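Some notes on the structure that comes next.
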Amino acid sequence: PPVARNRVSRRVERKELGLFFSSPVAWLFLASFATVTLFVFFWVEAFFARNIADVRPLFEWMPVLLIFLCAALTMRMWSDERRTGTLEYVLTQPVSLWRFALGKFRACFTLLLIALFATLPLPLTVALIAELDWGPVAAGYLASALLGGAYLSIGLFVSSRTDNPIVSLIGTVTLCGLLYLAGSPALTDYFDNRIGELLRLIGSGARFDSITRGVLDARDLAYYLSLSSGFLALNVYTLEQERWARGRRTPRHRYWRGVTALLLANLVMANVWLHKLPQLRVDVTQGQIYSLSGTSRDFLGQLQEPLLLRGYFSAKTHPLLAPLVPQLRDLLQEYRIAGDGRV
């Protein structure tokens with residue numbers, strides 16, 4: 001019945017969550033993530049020595065930490081189904097396969113939210129010590145959830161391609177790591193501005209940094225949602241291929257290939273179209289510190305030649321000047337974005 005089919009994804013979600021928390025490995029994953037987060041925040045980034053009331057160090061490391069967390073959460077989702085033979089049971093059910101994929105994604109996403117919730121005492125502690133701007137904090141958690149969702153969809157796709165959880169783990173870490181490195185300075189610094197800007201649009205890290213500053217850009221949000229939707233579609237397509245007879249091509253096969261390719265093409269074109277709408281941005285920081293004045297935007301829009309702005313920051317800044325360093329860096333980044341390739 002239609003009602004029973006609608007409950008499939010919910011039942012799959014409850015089953016996966018039950019299996020996850022029935023093992024001590026689940027608690028080990030969550031505890032390890034919280035411990036590493038605390039270590040990075042207080043020790044690696046030296047929070048008290050920075051003399052800045054923010055939680056930017058937490059989110060600066062989040063794209064890397066989420067790669068390993070999401071890979072660990074998804075490594076067994078489909079590979080165990082293949083290894084134990086239960087995948088055949090799933091494939092023979094008179095239910096759309098996207099419901100099973102959605103149920104597993106919802107289970108993993110719930111676990112991701114629990115892991116992020118475990119880090120909430122950090123901003124609460126900072127707020128008790130000094131005045132904290134909650135706008136970038138909320139934006140940072142939103143960015144973490146969106147980036148984590150994209151990593152989870154990638155992990156589910158990789159897991160659906162193998163029956164070995166270790167191979168799934170390594171494959172997910174590799175693919176997500178390459179996606180992160182694509183827009184990082186470690187790679188973009190080797191190219192000119194035009195190619196570097198293209199790599200930043202492709203990479204997941206640069207867009208993540210833009211949101212955690214406290215600027216919500218519709219293009220960044222659409223990018224993460226497109227990644228999640230695209231890899232979930234590939235996950236469903238991979239499972240659908242398991243139903244096909246080997247060595248035969250039928251109209252159903254062509255239909256699935258065409259629909260999947262059309263969906264992926266539409267997601268890419270939607271991002272290209274949104275790239276031409278830079279004004280769809282909201283500054284959620286206290287005091288709108290990243291909102292340029294109309295005069296500045298008019299000046300940047302009238303530039304006839306490229307403008308180079310170079311900032312020099314000391315390795316050891318005076319404690320009273322240290323809070324200005326991230327603000328000036330973010331302001332230079334805002335000029336670059338508003339310059340639309342000319343700055």
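Residue numbers start at 1 in each chain; chains themselves are named A, B, ... in the order of the structure tokens; ligands are numbered from 1 in the order shown.
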Hey, could you make a per-residue contact list for range 115-170 of chain A against range 283-294 of chain A with 9 Å as the cut-off, showing the nearest pair of atoms and its distance in Å to one decimal, counting only C-alpha atoms, sorted by chain and number, as CSV?
residue,atom,partner,partner_atom,distance
A:Asp133,CA,A:Gln286,CA,6.1
A:Trp134,CA,A:Thr285,CA,7.7
A:Gly135,CA,A:Thr285,CA,4.9
A:Pro136,CA,A:Thr285,CA,6.0
A:Ala138,CA,A:Val284,CA,8.9
A:Ala139,CA,A:Val284,CA,7.8
Grab the residues selected above and save them as a PDB file, in the first residue's frame with N, CA, C and O atoms.
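Dumped to result.pdb:
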ATOM      1  N   ASP A 133      29.414  36.885  19.208  1.00  0.00           N
ATOM      2  CA  ASP A 133      28.518  37.145  18.086  1.00  0.00           C
ATOM      3  C   ASP A 133      27.964  35.805  17.613  1.00  0.00           C
ATOM      4  O   ASP A 133      28.681  34.983  17.045  1.00  0.00           O
ATOM      5  N   TRP A 134      26.672  35.581  17.850  1.00  0.00           N
ATOM      6  CA  TRP A 134      26.069  34.288  17.560  1.00  0.00           C
ATOM      7  C   TRP A 134      25.734  34.110  16.076  1.00  0.00           C
ATOM      8  O   TRP A 134      25.419  33.006  15.653  1.00  0.00           O
ATOM      9  N   GLY A 135      25.785  35.182  15.299  1.00  0.00           N
ATOM     10  CA  GLY A 135      25.505  35.051  13.875  1.00  0.00           C
ATOM     11  C   GLY A 135      26.469  34.118  13.163  1.00  0.00           C
ATOM     12  O   GLY A 135      26.051  33.137  12.524  1.00  0.00           O
ATOM     13  N   PRO A 136      27.791  34.359  13.248  1.00  0.00           N
ATOM     14  CA  PRO A 136      28.741  33.425  12.617  1.00  0.00           C
ATOM     15  C   PRO A 136      28.687  32.024  13.214  1.00  0.00           C
ATOM     16  O   PRO A 136      28.980  31.048  12.515  1.00  0.00           O
ATOM     17  N   ALA A 138      25.940  30.412  14.340  1.00  0.00           N
ATOM     18  CA  ALA A 138      24.809  29.731  13.693  1.00  0.00           C
ATOM     19  C   ALA A 138      25.138  29.407  12.236  1.00  0.00           C
ATOM     20  O   ALA A 138      24.821  28.312  11.739  1.00  0.00           O
ATOM     21  N   ALA A 139      25.797  30.342  11.549  1.00  0.00           N
ATOM     22  CA  ALA A 139      26.183  30.090  10.158  1.00  0.00           C
ATOM     23  C   ALA A 139      27.197  28.947  10.068  1.00  0.00           C
ATOM     24  O   ALA A 139      27.145  28.135   9.134  1.00  0.00           O
TER      25      ALA A 139
END
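Residues lying within 7 Å of range 335-340 of chain A, counting only C-alpha atoms and ignoring same-chain neighbours fewer than 4 positions away, are A:Arg297, A:Leu300, A:Gly301, A:Leu331.
Computed from the coordinates, the CA of Asp209 in chain A to CA of Glu60 in chain A distance equals 7.3 Å.
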Can you tell me which residues surround Arg10 in chain A at a distance of at most 12 Å, considering only C-alpha atoms, apart from same-chain residues fewer than 6 positions away, and format the answer as a PyMOL selection string?
chain A and resi 3-4+16-17+99-107
Within 8 Å of range 176-185 of chain A, which residues of range 32-95 of chain A show up? Give each one with its shortest atom-to-atom distance in Å (one decimal) and the two atoms involved, counting only C-alpha atoms, rows by chain then rising residue number, as CSV.
residue,atom,partner,partner_atom,distance
A:Pro63,CA,A:Tyr180,CA,7.5
A:Val64,CA,A:Gly177,CA,7.8
A:Ile67,CA,A:Cys176,CA,6.3
Find the spatial neighbours of Asn271 in chain A, counting only C-alpha atoms, within a cut-off of 10 Å - ignore same-chain residues fewer than 5 positions away - and output them as a list of chain:residue names.
A:Leu201, A:Ala218, A:Arg219, A:Asp220, A:Leu221, A:Ala222, A:Tyr223, A:Ser226, A:Asn266, A:Lys276
Tell me which protein, DNA and RNA residues are within 10 Å of range 81-90 of chain A, counting only C-alpha atoms, leaving out same-chain ones fewer than 6 positions away, and put them as an NGL selection string.
:A and (96-97 or 100 or 159-165 or 239 or 242-243)
Show which residues sit within 8 Å of Leu69 in chain A, as an MDAnalysis selection string. Count only C-alpha atoms, and ignore same-chain residues fewer than 3 positions away.
chainID A and resid 29 33 65:66 72:73
Requested write-out: N, CA and C atoms of the selected residues, as an mmCIF file, in the first residue's frame:
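Produced file result_33.cif, reproduced below:
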data_model
loop_
_atom_site.group_PDB
_atom_site.id
_atom_site.type_symbol
_atom_site.label_atom_id
_atom_site.label_comp_id
_atom_site.auth_asym_id
_atom_site.auth_seq_id
_atom_site.Cartn_x
_atom_site.Cartn_y
_atom_site.Cartn_z
ATOM 1 N N PHE A 29 32.972 6.498 18.229
ATOM 2 C CA PHE A 29 33.047 7.474 17.151
ATOM 3 C C PHE A 29 32.716 8.870 17.656
ATOM 4 N N PHE A 33 35.261 12.096 18.122
ATOM 5 C CA PHE A 33 35.038 13.355 17.406
ATOM 6 C C PHE A 33 35.017 14.533 18.377
ATOM 7 N N LEU A 65 37.788 17.371 9.759
ATOM 8 C CA LEU A 65 37.274 16.412 10.730
ATOM 9 C C LEU A 65 36.028 15.694 10.205
ATOM 10 N N LEU A 66 35.191 16.427 9.471
ATOM 11 C CA LEU A 66 33.966 15.818 8.949
ATOM 12 C C LEU A 66 34.255 14.763 7.896
ATOM 13 N N ALA A 72 33.479 7.281 8.323
ATOM 14 C CA ALA A 72 33.269 6.220 9.303
ATOM 15 C C ALA A 72 31.784 5.881 9.449
ATOM 16 N N LEU A 73 30.923 6.879 9.331
ATOM 17 C CA LEU A 73 29.486 6.642 9.487
ATOM 18 C C LEU A 73 28.901 5.876 8.305
#
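Shortest separation to Met62 in chain A among A:Trp98, A:Tyr141, A:Phe42, A:Phe48 occurs at residue A:Tyr141, atoms counted being only C-alpha atoms.
As for CA of Gln327 in chain A and CA of Arg213 in chain A, they are spaced 9.3 Å apart.
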Choose the residue, out of A:Tyr255, A:Trp27, A:Trp61, A:Phe39, that has the smallest atom-to-atom separation from Gly205 in chain A; count only C-alpha atoms.
A:Trp61
DSSP on the backbone: what in range 192-292 of chain A comes out strand (DSSP E or B), as an MDAnalysis selection string?
chainID A and resid 215:217 281:283
What does the file look like for those residues with C-alpha atoms, as a PDB file, in the first residue's frame?
ATOM      1  CA  VAL A 215      27.768  35.566   5.193  1.00  0.00           C
ATOM      2  CA  LEU A 216      25.008  33.303   3.857  1.00  0.00           C
ATOM      3  CA  ASP A 217      25.291  33.156   0.078  1.00  0.00           C
ATOM      4  CA  ARG A 281      23.729  37.175   0.169  1.00  0.00           C
ATOM      5  CA  VAL A 282      22.820  37.903   3.789  1.00  0.00           C
ATOM      6  CA  ASP A 283      25.265  39.239   6.373  1.00  0.00           C
TER       7      ASP A 283
END
Would you list, as a PyMOL selection string, the residues of range 156-218 of chain A that end up in alpha helix (DSSP H) under DSSP run on this structure's backbone?
chain A and resi 156-159+165-181+185-188+193-202+204-212+218
